[in-house]
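Heads up, protein.txt below (compact mmCIF, C-alpha atoms and all ligand atoms):
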# COMPACT_ATOMS: atom_id res chain seq x y z
CA MET X 191 -12.70 -14.11 21.67
CA ALA X 192 -9.50 -13.97 23.71
CA THR X 193 -9.82 -13.07 27.38
CA LYS X 194 -8.16 -9.65 27.45
CA LEU X 195 -8.30 -6.78 25.00
CA HIS X 196 -4.85 -5.63 23.94
CA VAL X 197 -3.87 -2.12 22.87
CA ILE X 198 -0.32 -1.97 21.55
CA GLY X 199 1.32 1.20 20.29
CA ASN X 200 3.73 0.96 17.39
CA TRP X 201 5.73 4.17 17.34
CA LYS X 202 7.58 3.22 14.13
CA MET X 203 10.49 5.60 13.44
CA HIS X 204 9.15 8.43 15.56
CA GLY X 205 10.21 9.91 18.85
CA SER X 206 13.17 11.30 20.72
CA LYS X 207 14.47 11.16 24.29
CA GLN X 208 12.33 14.15 25.03
CA HIS X 209 9.24 12.56 23.53
CA VAL X 210 9.69 9.33 25.52
CA ALA X 211 10.08 11.31 28.74
CA ALA X 212 7.08 13.54 28.05
CA PHE X 213 4.90 10.57 27.00
CA CYS X 214 5.67 8.55 30.13
CA THR X 215 5.32 11.56 32.45
CA GLU X 216 1.96 12.46 30.98
CA ILE X 217 0.71 8.90 31.37
CA ALA X 218 2.03 8.63 34.91
CA ASN X 219 0.24 11.88 35.80
CA ALA X 220 -2.98 11.12 33.91
CA PRO X 221 -6.20 11.50 35.90
CA SER X 222 -7.13 8.52 38.00
CA LYS X 223 -9.52 7.11 35.41
CA HIS X 224 -6.45 6.42 33.24
CA SER X 225 -4.39 5.15 36.13
CA SER X 226 -2.49 1.92 36.01
CA LYS X 227 -4.96 0.17 38.28
CA HIS X 228 -7.79 1.21 36.06
CA LEU X 229 -6.18 -0.35 33.03
CA ALA X 230 -5.81 -3.73 34.70
CA LYS X 231 -8.41 -5.39 32.46
CA VAL X 232 -6.58 -4.34 29.33
CA GLU X 233 -3.11 -5.32 28.22
CA VAL X 234 -1.32 -2.19 27.08
CA ALA X 235 2.15 -1.86 25.59
CA ILE X 236 4.20 0.62 23.61
CA CYS X 237 6.87 -0.25 21.06
CA PRO X 238 9.30 2.67 20.68
CA PRO X 239 12.38 2.52 18.41
CA PHE X 240 15.24 0.32 19.69
CA VAL X 241 17.41 3.18 20.90
CA TYR X 242 14.71 4.42 23.27
CA LEU X 243 13.77 1.06 24.78
CA HIS X 244 16.16 1.39 27.69
CA GLN X 245 14.90 4.84 28.60
CA ALA X 246 11.26 3.74 28.21
CA ALA X 247 11.87 0.63 30.33
CA LYS X 248 13.18 2.76 33.17
CA LEU X 249 10.27 5.19 33.02
CA LEU X 250 7.63 2.46 32.59
CA ALA X 251 8.88 0.79 35.76
CA GLN X 252 6.69 3.41 37.49
CA ILE X 253 3.69 2.54 35.28
CA PRO X 254 3.29 -1.24 35.63
CA ALA X 255 0.13 -1.36 33.49
CA ILE X 256 2.11 -0.39 30.41
CA LYS X 257 4.46 -2.99 29.03
CA LEU X 258 7.28 -2.58 26.57
CA GLY X 259 7.76 -4.05 23.12
CA ALA X 260 10.22 -3.77 20.23
CA GLN X 261 9.40 -3.33 16.56
CA ASP X 262 11.64 -6.05 15.16
CA LEU X 263 14.43 -8.45 16.10
CA SER X 264 17.06 -10.67 14.51
CA ARG X 265 16.34 -14.26 13.58
CA TYR X 266 19.77 -15.14 15.01
CA GLU X 267 20.69 -15.65 18.65
CA SER X 268 24.02 -13.80 18.51
CA GLY X 269 27.05 -13.42 16.27
CA ALA X 270 28.47 -11.36 13.45
CA TYR X 271 25.26 -9.66 12.33
CA THR X 272 26.11 -5.98 12.25
CA GLY X 273 23.20 -3.76 13.13
CA GLN X 274 20.90 -6.54 14.27
CA ILE X 275 19.30 -6.93 17.70
CA ALA X 276 18.87 -10.36 19.31
CA ALA X 277 15.76 -11.54 21.13
CA SER X 278 17.79 -12.09 24.32
CA MET X 279 18.86 -8.42 24.23
CA LEU X 280 15.24 -7.33 24.10
CA VAL X 281 14.44 -9.53 27.08
CA ASP X 282 17.52 -8.17 28.84
CA ILE X 283 16.30 -4.61 28.44
CA GLY X 284 12.79 -5.37 29.69
CA CYS X 285 10.71 -6.05 26.59
CA ARG X 286 7.73 -8.35 26.77
CA TYR X 287 6.52 -8.02 23.18
CA VAL X 288 8.05 -7.80 19.74
CA ILE X 289 6.33 -6.94 16.48
CA ILE X 290 7.17 -9.43 13.74
CA GLY X 291 6.61 -9.10 10.02
CA HIS X 292 5.12 -5.63 9.96
CA SER X 293 4.13 -4.79 6.39
CA GLU X 294 6.65 -1.94 6.35
CA ARG X 295 9.41 -4.48 7.01
CA ARG X 296 7.97 -6.86 4.44
CA GLN X 297 7.90 -4.00 1.91
CA TYR X 298 11.03 -1.93 2.63
CA ASN X 299 13.29 -4.64 4.03
CA HIS X 300 12.01 -7.38 1.73
CA GLU X 301 11.34 -9.74 4.62
CA SER X 302 9.97 -13.02 3.34
CA ASN X 303 7.41 -15.24 5.05
CA GLU X 304 10.26 -17.65 5.77
CA GLU X 305 12.38 -15.00 7.50
CA ILE X 306 9.39 -13.72 9.43
CA ALA X 307 8.64 -17.24 10.67
CA ALA X 308 12.28 -17.59 11.78
CA LYS X 309 11.99 -14.31 13.70
CA PHE X 310 8.73 -15.48 15.26
CA PHE X 311 10.45 -18.58 16.67
CA ALA X 312 13.51 -16.58 17.75
CA ALA X 313 11.18 -14.40 19.81
CA LYS X 314 9.40 -17.41 21.30
CA SER X 315 12.63 -19.19 22.23
CA ALA X 316 13.72 -16.14 24.21
CA GLY X 317 10.37 -15.87 26.01
CA LEU X 318 9.12 -12.79 24.15
CA ILE X 319 5.51 -12.56 22.98
CA PRO X 320 5.58 -12.11 19.21
CA ILE X 321 2.93 -9.98 17.52
CA LEU X 322 2.75 -11.52 14.07
CA CYS X 323 1.48 -9.03 11.49
CA VAL X 324 -0.41 -10.25 8.46
CA GLY X 325 -2.35 -8.40 5.82
CA GLU X 326 -2.95 -7.81 2.15
CA THR X 327 -2.02 -4.87 -0.05
CA LYS X 328 -4.59 -2.85 -1.98
CA GLU X 329 -3.64 -4.65 -5.20
CA GLN X 330 -3.98 -8.06 -3.59
CA ARG X 331 -7.42 -7.13 -2.24
CA GLU X 332 -8.52 -5.90 -5.65
CA ARG X 333 -7.37 -9.19 -7.18
CA ASN X 334 -9.42 -11.11 -4.57
CA GLN X 335 -6.27 -12.55 -3.05
CA THR X 336 -6.85 -11.35 0.51
CA GLU X 337 -7.64 -14.72 2.03
CA SER X 338 -4.94 -16.66 0.20
CA ILE X 339 -2.26 -14.07 1.12
CA ILE X 340 -3.19 -14.11 4.79
CA LEU X 341 -3.39 -17.88 4.95
CA GLU X 342 0.01 -18.12 3.30
CA GLN X 343 1.44 -15.75 5.92
CA ILE X 344 -0.02 -17.84 8.76
CA HIS X 345 0.94 -21.19 7.27
CA ALA X 346 4.54 -20.01 6.87
CA VAL X 347 4.71 -19.93 10.68
CA LEU X 348 2.68 -23.09 11.27
CA SER X 349 4.83 -25.05 8.83
CA GLN X 350 7.99 -24.20 10.81
CA SER X 351 6.40 -25.05 14.14
CA GLN X 352 7.62 -28.15 15.96
CA LYS X 353 4.43 -28.23 18.01
CA GLY X 354 1.66 -27.31 15.55
CA ALA X 355 -0.61 -24.47 16.59
CA ASP X 356 0.88 -24.51 20.07
CA CYS X 357 3.30 -21.88 18.76
CA PHE X 358 0.41 -19.42 18.97
CA ASN X 359 0.17 -19.93 22.70
CA GLN X 360 1.69 -16.79 24.22
CA ALA X 361 1.62 -15.05 20.85
CA LEU X 362 -0.57 -12.45 19.16
CA ILE X 363 -1.65 -11.94 15.59
CA ALA X 364 -2.32 -8.49 14.16
CA TYR X 365 -4.41 -8.24 11.02
CA GLU X 366 -3.20 -5.08 9.31
CA PRO X 367 -4.56 -4.49 5.82
CA VAL X 368 -1.70 -2.60 4.18
CA TRP X 369 -4.10 -0.19 2.46
CA ALA X 370 -5.39 0.91 5.87
CA ILE X 371 -2.03 1.66 7.48
CA GLY X 372 -1.34 5.34 7.96
CA THR X 373 -3.89 6.21 5.27
CA GLY X 374 -6.84 7.18 7.41
CA LEU X 375 -8.78 4.36 5.73
CA THR X 376 -9.96 1.75 8.20
CA ALA X 377 -11.37 -1.64 7.40
CA THR X 378 -15.05 -1.69 8.31
CA PRO X 379 -15.67 -3.60 11.53
CA GLU X 380 -17.45 -6.28 9.49
CA LEU X 381 -14.53 -6.67 7.11
CA ALA X 382 -12.06 -6.89 10.01
CA GLN X 383 -14.32 -9.40 11.76
CA ALA X 384 -14.48 -11.62 8.65
CA ILE X 385 -10.69 -11.83 8.40
CA HIS X 386 -10.22 -12.26 12.15
CA HIS X 387 -12.75 -15.09 12.06
CA LEU X 388 -10.90 -16.70 9.18
CA LEU X 389 -7.64 -16.47 11.14
CA ARG X 390 -9.18 -18.00 14.24
CA GLN X 391 -10.84 -20.76 12.23
CA THR X 392 -7.55 -21.57 10.55
CA ILE X 393 -5.77 -21.98 13.88
CA ALA X 394 -8.77 -23.88 15.29
CA GLU X 395 -8.34 -26.52 12.61
CA TYR X 396 -5.10 -27.36 14.41
CA ASP X 397 -6.06 -26.61 17.99
CA ALA X 398 -9.41 -25.18 19.11
CA ASN X 399 -8.18 -24.13 22.56
CA VAL X 400 -5.22 -22.21 21.25
CA ALA X 401 -7.46 -20.51 18.70
CA GLU X 402 -9.95 -19.47 21.34
CA GLN X 403 -7.30 -17.93 23.59
CA LEU X 404 -5.37 -16.24 20.79
CA PRO X 405 -5.60 -12.43 20.80
CA ILE X 406 -6.14 -11.20 17.24
CA LEU X 407 -5.61 -7.45 17.00
CA TYR X 408 -6.69 -5.15 14.22
CA GLY X 409 -4.30 -2.49 12.91
CA GLY X 410 -4.71 0.26 10.34
CA SER X 411 -5.71 3.84 11.23
CA VAL X 412 -7.23 2.88 14.58
CA LYS X 413 -8.18 5.90 16.66
CA ALA X 414 -10.59 6.69 19.46
CA SER X 415 -13.31 7.53 16.95
CA ASN X 416 -13.37 4.05 15.38
CA ALA X 417 -12.06 1.83 18.19
CA THR X 418 -15.41 1.13 19.85
CA GLU X 419 -17.07 -0.40 16.82
CA LEU X 420 -13.97 -2.42 15.97
CA PHE X 421 -13.54 -3.74 19.53
CA ARG X 422 -17.21 -4.75 19.61
CA MET X 423 -16.59 -7.36 16.93
CA PRO X 424 -16.44 -10.83 18.49
CA ASP X 425 -13.08 -11.77 17.01
CA VAL X 426 -11.35 -8.39 17.36
CA ASP X 427 -9.31 -8.55 20.55
CA GLY X 428 -7.75 -5.11 20.48
CA ALA X 429 -5.56 -3.00 18.25
CA LEU X 430 -2.05 -2.38 17.04
CA VAL X 431 -2.04 1.39 16.85
CA GLY X 432 0.45 3.44 14.84
CA GLY X 433 -0.12 7.19 14.48
CA ALA X 434 -2.60 7.46 17.35
CA SER X 435 -0.15 5.86 19.79
CA LEU X 436 2.30 8.76 19.69
CA GLN X 437 0.32 11.20 21.82
CA PRO X 438 -0.61 10.03 25.32
CA THR X 439 -4.13 11.49 25.20
CA ASP X 440 -4.98 9.77 21.90
CA PHE X 441 -3.47 6.50 23.05
CA LEU X 442 -5.10 6.56 26.48
CA ALA X 443 -8.47 7.31 24.90
CA ILE X 444 -8.20 4.03 22.93
CA CYS X 445 -7.07 2.17 26.08
CA GLU X 446 -10.03 3.63 27.94
CA ILE X 447 -12.46 2.36 25.28
CA ALA X 448 -10.95 -1.12 25.57
CA LYS X 449 -11.15 -0.97 29.33
CA ASN X 450 -14.82 0.07 29.31
CA LEU X 451 -15.74 -2.73 26.92
CA ALA X 452 -13.84 -5.25 29.03
CA GLU X 453 -15.92 -4.40 32.10
P1 LIG G 501 -1.54 3.35 11.75
O1 LIG G 501 -0.43 2.21 11.79
O2 LIG G 501 -2.39 3.20 13.00
O3 LIG G 501 -0.78 4.65 11.74
O4 LIG G 501 -2.35 3.14 10.52
C1 LIG G 501 -0.72 0.92 12.25
C2 LIG G 501 0.49 0.03 12.11
O5 LIG G 501 1.19 0.11 11.10
O6 LIG G 501 0.80 -0.78 13.00
Represent the structure of the file as structure tokens.
Ligand code: PGA
Amino acid sequence: MATKLHVIGNWKMHGSKQHVAAFCTEIANAPSKHSSKHLAKVEVAICPPFVYLHQAAKLLAQIPAIKLGAQDLSRYESGAYTGQIAASMLVDIGCRYVIIGHSERRQYNHESNEEIAAKFFAAKSAGLIPILCVGETKEQRERNQTESIILEQIHAVLSQSQKGADCFNQALIAYEPVWAIGTGLTATPELAQAIHHLLRQTIAEYDANVAEQLPILYGGSVKASNATELFRMPDVDGALVGGASLQPTDFLAICEIAKNLAE
């Protein structure tokens, strides 16, 4: 198990200037048990849409326990790529994390494993911490392809790495079964644990130390009511939270569970 539990909020295409302001104000004014100091044992971040990153960065400067992440980035460093956002721009604006290869981007933007790997290394070169999302669809699970799909997604990154599994130093993996995202269906803790263990074992075949330190988050309908049992699993190192990250009280409740387990 990695050293720190991570709780990362993926806002997807939700929010507004008003929402960002209200979210940050409510967190800044939360009772002391939710205070920044209290969250020190947990790594917490939110990933709002690109256009709100600047505003969120300014407001989060007052809440050091909550870091900032983006939901995607370009594989290219700079150039004539209309509409794309470079890793260096995300660093410039104060991001620490970036989500890579979310299933919604794989599905709606047809991102391939190869492109996702290129984005992963673009993030790393700029000093961002990539959160590499992997996971199977309902159909793939029903066809017993879960393990092979996930291993393919991981190997796509490993095969482009100049330094083997070292690329997963200062990186996170999020196992997000597609059938559990936004559906209210959550993988059972045992099912999540089995896949997380497989992921860690796969990395350990290359480098046991990297595998041991690597935070592997679970994502897919995580909320306060199911977080405890998921976080208790030995290879579940936190969560990538979608819907329940939009309201400060819901999100803080998950952070609080992580914090209590970390103590
Ligand atoms: P969800 O989304 O928590 O709303 O299921 C998780 C994600 O897609 O990262």
**OP:** Kindly extract all protein, DNA and RNA residues lying within 9 Å of the coordinates (3.6, 0.4, 18.0) given in the file, considering only C-alpha atoms, and supply them as a ChimeraX atom specification.
**Re:** /X:198-202,235-238,259-261,289,430-433,435-436
Original post:
Which polymer residues have any atom within 6 Å of an atom of Tyr408 (chain X), counting only C-alpha atoms, with same-chain residues fewer than 6 positions away left out, as a ChimeraX atom specification?
Top reply: /X:364-365,429
Original post:
Closest to Cys214 (chain X) among X:Gln383, X:Gln245, X:Gln403, X:Ser415, using only C-alpha atoms?
Top reply: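 The answer is X:Gln245, which sits nearest to Cys214 (chain X).
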Assuming 5 Å of padding per side, give the centre and edge lengths of the axis-aligned box around every listed atom of region 197-208 of chain X, in Å to one decimal and as lines of an AutoDock Vina configuration file.
center_x = 5.3
center_y = 6.0
center_z = 19.2
size_x = 28.3
size_y = 26.3
size_z = 21.6
Subject >> Contacts of region 358-360 of chain X at 8 Å (all atoms listed in the file; same-chain gap of 3+ positions) as a list in words >> reply: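 Surrounding residues, per the criterion: Ile319, Pro320, Ala355, Val400, Ala401, Gln403 and Leu404 of chain X.
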**OP:** Counting all atoms listed in the file, find the residues whose atoms lie at most 10 Å from (-12.6, -8.9, 8.9) (file coordinates) and write them out as an MDAnalysis selection string.
**Re:** chainID X and resid 365 367 377:389 408 420 423 425:426
**OP:** Could you tell me which of X:Ala220, X:Ala370, X:Ile283, X:Ile256 comes closest to ligand LIG 501 (chain G) if we count only C-alpha atoms and all ligand atoms?
**Re:**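 Of X:Ala220, X:Ala370, X:Ile283, X:Ile256, the one nearest ligand LIG 501 (chain G), counting only C-alpha atoms and all ligand atoms, is X:Ala370.
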Would you kindly return, as a PDB file with C-alpha atoms, in the frame of the given file, each protein, DNA or RNA residue with an atom no farther than 9 Å from any atom of region 442-452 of chain X, considering all atoms listed in the file and excluding same-chain residues fewer than 4 positions away?
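So part.pdb came out as:
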ATOM      1  CA  THR X 193      -9.820 -13.070  27.380  1.00  0.00           C
ATOM      2  CA  LYS X 194      -8.160  -9.650  27.450  1.00  0.00           C
ATOM      3  CA  LEU X 195      -8.300  -6.780  25.000  1.00  0.00           C
ATOM      4  CA  HIS X 196      -4.850  -5.630  23.940  1.00  0.00           C
ATOM      5  CA  VAL X 197      -3.870  -2.120  22.870  1.00  0.00           C
ATOM      6  CA  ILE X 217       0.710   8.900  31.370  1.00  0.00           C
ATOM      7  CA  ALA X 220      -2.980  11.120  33.910  1.00  0.00           C
ATOM      8  CA  LYS X 223      -9.520   7.110  35.410  1.00  0.00           C
ATOM      9  CA  HIS X 224      -6.450   6.420  33.240  1.00  0.00           C
ATOM     10  CA  HIS X 228      -7.790   1.210  36.060  1.00  0.00           C
ATOM     11  CA  LEU X 229      -6.180  -0.350  33.030  1.00  0.00           C
ATOM     12  CA  ALA X 230      -5.810  -3.730  34.700  1.00  0.00           C
ATOM     13  CA  LYS X 231      -8.410  -5.390  32.460  1.00  0.00           C
ATOM     14  CA  VAL X 232      -6.580  -4.340  29.330  1.00  0.00           C
ATOM     15  CA  GLU X 233      -3.110  -5.320  28.220  1.00  0.00           C
ATOM     16  CA  VAL X 234      -1.320  -2.190  27.080  1.00  0.00           C
ATOM     17  CA  VAL X 412      -7.230   2.880  14.580  1.00  0.00           C
ATOM     18  CA  LYS X 413      -8.180   5.900  16.660  1.00  0.00           C
ATOM     19  CA  ALA X 414     -10.590   6.690  19.460  1.00  0.00           C
ATOM     20  CA  SER X 415     -13.310   7.530  16.950  1.00  0.00           C
ATOM     21  CA  ALA X 417     -12.060   1.830  18.190  1.00  0.00           C
ATOM     22  CA  THR X 418     -15.410   1.130  19.850  1.00  0.00           C
ATOM     23  CA  PHE X 421     -13.540  -3.740  19.530  1.00  0.00           C
ATOM     24  CA  ARG X 422     -17.210  -4.750  19.610  1.00  0.00           C
ATOM     25  CA  GLY X 428      -7.750  -5.110  20.480  1.00  0.00           C
ATOM     26  CA  ALA X 429      -5.560  -3.000  18.250  1.00  0.00           C
ATOM     27  CA  ALA X 434      -2.600   7.460  17.350  1.00  0.00           C
ATOM     28  CA  SER X 435      -0.150   5.860  19.790  1.00  0.00           C
ATOM     29  CA  GLN X 437       0.320  11.200  21.820  1.00  0.00           C
ATOM     30  CA  PRO X 438      -0.610  10.030  25.320  1.00  0.00           C
TER      31      PRO X 438
END
Subject >> Long-range neighbours of His292 (chain X) as a ChimeraX atom specification, 10 Å cut-off, only C-alpha atoms, 2 positions minimum in chain >> reply: /X:261-262,289-290,294-297,301,306,321-325,364-366,368
Next, write the just-selected residues to a file, as a PDB file, in the frame of the given file, keeping C-alpha atoms as the atom set.
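Result saved to again_9.pdb:
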ATOM      1  CA  GLN X 261       9.400  -3.330  16.560  1.00  0.00           C
ATOM      2  CA  ASP X 262      11.640  -6.050  15.160  1.00  0.00           C
ATOM      3  CA  ILE X 289       6.330  -6.940  16.480  1.00  0.00           C
ATOM      4  CA  ILE X 290       7.170  -9.430  13.740  1.00  0.00           C
ATOM      5  CA  GLU X 294       6.650  -1.940   6.350  1.00  0.00           C
ATOM      6  CA  ARG X 295       9.410  -4.480   7.010  1.00  0.00           C
ATOM      7  CA  ARG X 296       7.970  -6.860   4.440  1.00  0.00           C
ATOM      8  CA  GLN X 297       7.900  -4.000   1.910  1.00  0.00           C
ATOM      9  CA  GLU X 301      11.340  -9.740   4.620  1.00  0.00           C
ATOM     10  CA  ILE X 306       9.390 -13.720   9.430  1.00  0.00           C
ATOM     11  CA  ILE X 321       2.930  -9.980  17.520  1.00  0.00           C
ATOM     12  CA  LEU X 322       2.750 -11.520  14.070  1.00  0.00           C
ATOM     13  CA  CYS X 323       1.480  -9.030  11.490  1.00  0.00           C
ATOM     14  CA  VAL X 324      -0.410 -10.250   8.460  1.00  0.00           C
ATOM     15  CA  GLY X 325      -2.350  -8.400   5.820  1.00  0.00           C
ATOM     16  CA  ALA X 364      -2.320  -8.490  14.160  1.00  0.00           C
ATOM     17  CA  TYR X 365      -4.410  -8.240  11.020  1.00  0.00           C
ATOM     18  CA  GLU X 366      -3.200  -5.080   9.310  1.00  0.00           C
ATOM     19  CA  VAL X 368      -1.700  -2.600   4.180  1.00  0.00           C
TER      20      VAL X 368
END
**OP:** Determine the nearest neighbour of ligand LIG 501 (chain G) from the options X:Asn416, X:Asn299, X:Leu348, X:Ala270, counting all atoms listed in the file.
**Re:** X:Asn416
Subject >> Among listed residues X:Thr439, X:Ser349, X:Asn303, X:Gln274, nearest Glu216 (chain X) (using only C-alpha atoms) >> reply: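 Of X:Thr439, X:Ser349, X:Asn303, X:Gln274, the one nearest Glu216 (chain X), counting only C-alpha atoms, is X:Thr439.
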Original post:
How far is it from CA of Ser302 (chain X) to CA of Gln343 (chain X), in Å with one decimal?
Top reply: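 Here the two named atoms are 9.3 Å from each other.
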Quick one: region 200-219 of chain X with N, CA and C atoms, as an mmCIF file, in the first residue's frame?
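In the end it all went to out20.cif:
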data_model
loop_
_atom_site.group_PDB
_atom_site.id
_atom_site.type_symbol
_atom_site.label_atom_id
_atom_site.label_comp_id
_atom_site.auth_asym_id
_atom_site.auth_seq_id
_atom_site.Cartn_x
_atom_site.Cartn_y
_atom_site.Cartn_z
ATOM 1 N N ASN X 200 -12.834 14.848 -9.550
ATOM 2 C CA ASN X 200 -12.903 15.101 -10.991
ATOM 3 C C ASN X 200 -14.251 15.758 -11.280
ATOM 4 N N TRP X 201 -14.209 17.056 -11.511
ATOM 5 C CA TRP X 201 -15.476 17.789 -11.699
ATOM 6 C C TRP X 201 -16.092 17.562 -13.073
ATOM 7 N N LYS X 202 -15.323 16.979 -13.986
ATOM 8 C CA LYS X 202 -15.821 16.791 -15.367
ATOM 9 C C LYS X 202 -16.332 18.136 -15.913
ATOM 10 N N MET X 203 -17.362 18.115 -16.747
ATOM 11 C CA MET X 203 -17.822 19.386 -17.340
ATOM 12 C C MET X 203 -18.950 19.975 -16.488
ATOM 13 N N HIS X 204 -18.590 20.260 -15.240
ATOM 14 C CA HIS X 204 -19.546 20.869 -14.314
ATOM 15 C C HIS X 204 -18.894 22.085 -13.688
ATOM 16 N N GLY X 205 -19.727 23.015 -13.263
ATOM 17 C CA GLY X 205 -19.219 24.157 -12.514
ATOM 18 C C GLY X 205 -19.433 25.470 -13.227
ATOM 19 N N SER X 206 -19.061 26.522 -12.543
ATOM 20 C CA SER X 206 -19.181 27.895 -13.035
ATOM 21 C C SER X 206 -18.283 28.716 -12.123
ATOM 22 N N LYS X 207 -18.081 29.984 -12.465
ATOM 23 C CA LYS X 207 -17.263 30.840 -11.593
ATOM 24 C C LYS X 207 -17.865 30.861 -10.195
ATOM 25 N N GLN X 208 -19.180 30.934 -10.185
ATOM 26 C CA GLN X 208 -19.873 31.024 -8.901
ATOM 27 C C GLN X 208 -19.685 29.741 -8.089
ATOM 28 N N HIS X 209 -19.746 28.613 -8.779
ATOM 29 C CA HIS X 209 -19.578 27.331 -8.088
ATOM 30 C C HIS X 209 -18.174 27.198 -7.499
ATOM 31 N N VAL X 210 -17.160 27.578 -8.298
ATOM 32 C CA VAL X 210 -15.771 27.484 -7.818
ATOM 33 C C VAL X 210 -15.612 28.341 -6.562
ATOM 34 N N ALA X 211 -16.152 29.566 -6.620
ATOM 35 C CA ALA X 211 -16.012 30.478 -5.479
ATOM 36 C C ALA X 211 -16.719 29.911 -4.256
ATOM 37 N N ALA X 212 -17.946 29.415 -4.450
ATOM 38 C CA ALA X 212 -18.708 28.900 -3.312
ATOM 39 C C ALA X 212 -18.031 27.655 -2.730
ATOM 40 N N PHE X 213 -17.537 26.785 -3.602
ATOM 41 C CA PHE X 213 -16.869 25.547 -3.158
ATOM 42 C C PHE X 213 -15.661 25.881 -2.280
ATOM 43 N N CYS X 214 -14.816 26.775 -2.789
ATOM 44 C CA CYS X 214 -13.574 27.094 -2.065
ATOM 45 C C CYS X 214 -13.884 27.832 -0.771
ATOM 46 N N THR X 215 -14.867 28.720 -0.806
ATOM 47 C CA THR X 215 -15.223 29.460 0.421
ATOM 48 C C THR X 215 -15.740 28.492 1.470
ATOM 49 N N GLU X 216 -16.583 27.564 1.031
ATOM 50 C CA GLU X 216 -17.153 26.632 2.014
ATOM 51 C C GLU X 216 -16.058 25.760 2.617
ATOM 52 N N ILE X 217 -15.112 25.353 1.804
ATOM 53 C CA ILE X 217 -14.017 24.516 2.341
ATOM 54 C C ILE X 217 -13.138 25.345 3.278
ATOM 55 N N ALA X 218 -12.857 26.568 2.869
ATOM 56 C CA ALA X 218 -11.996 27.413 3.715
ATOM 57 C C ALA X 218 -12.659 27.678 5.069
ATOM 58 N N ASN X 219 -13.998 27.740 5.075
ATOM 59 C CA ASN X 219 -14.713 28.043 6.328
ATOM 60 C C ASN X 219 -15.221 26.802 7.043
#
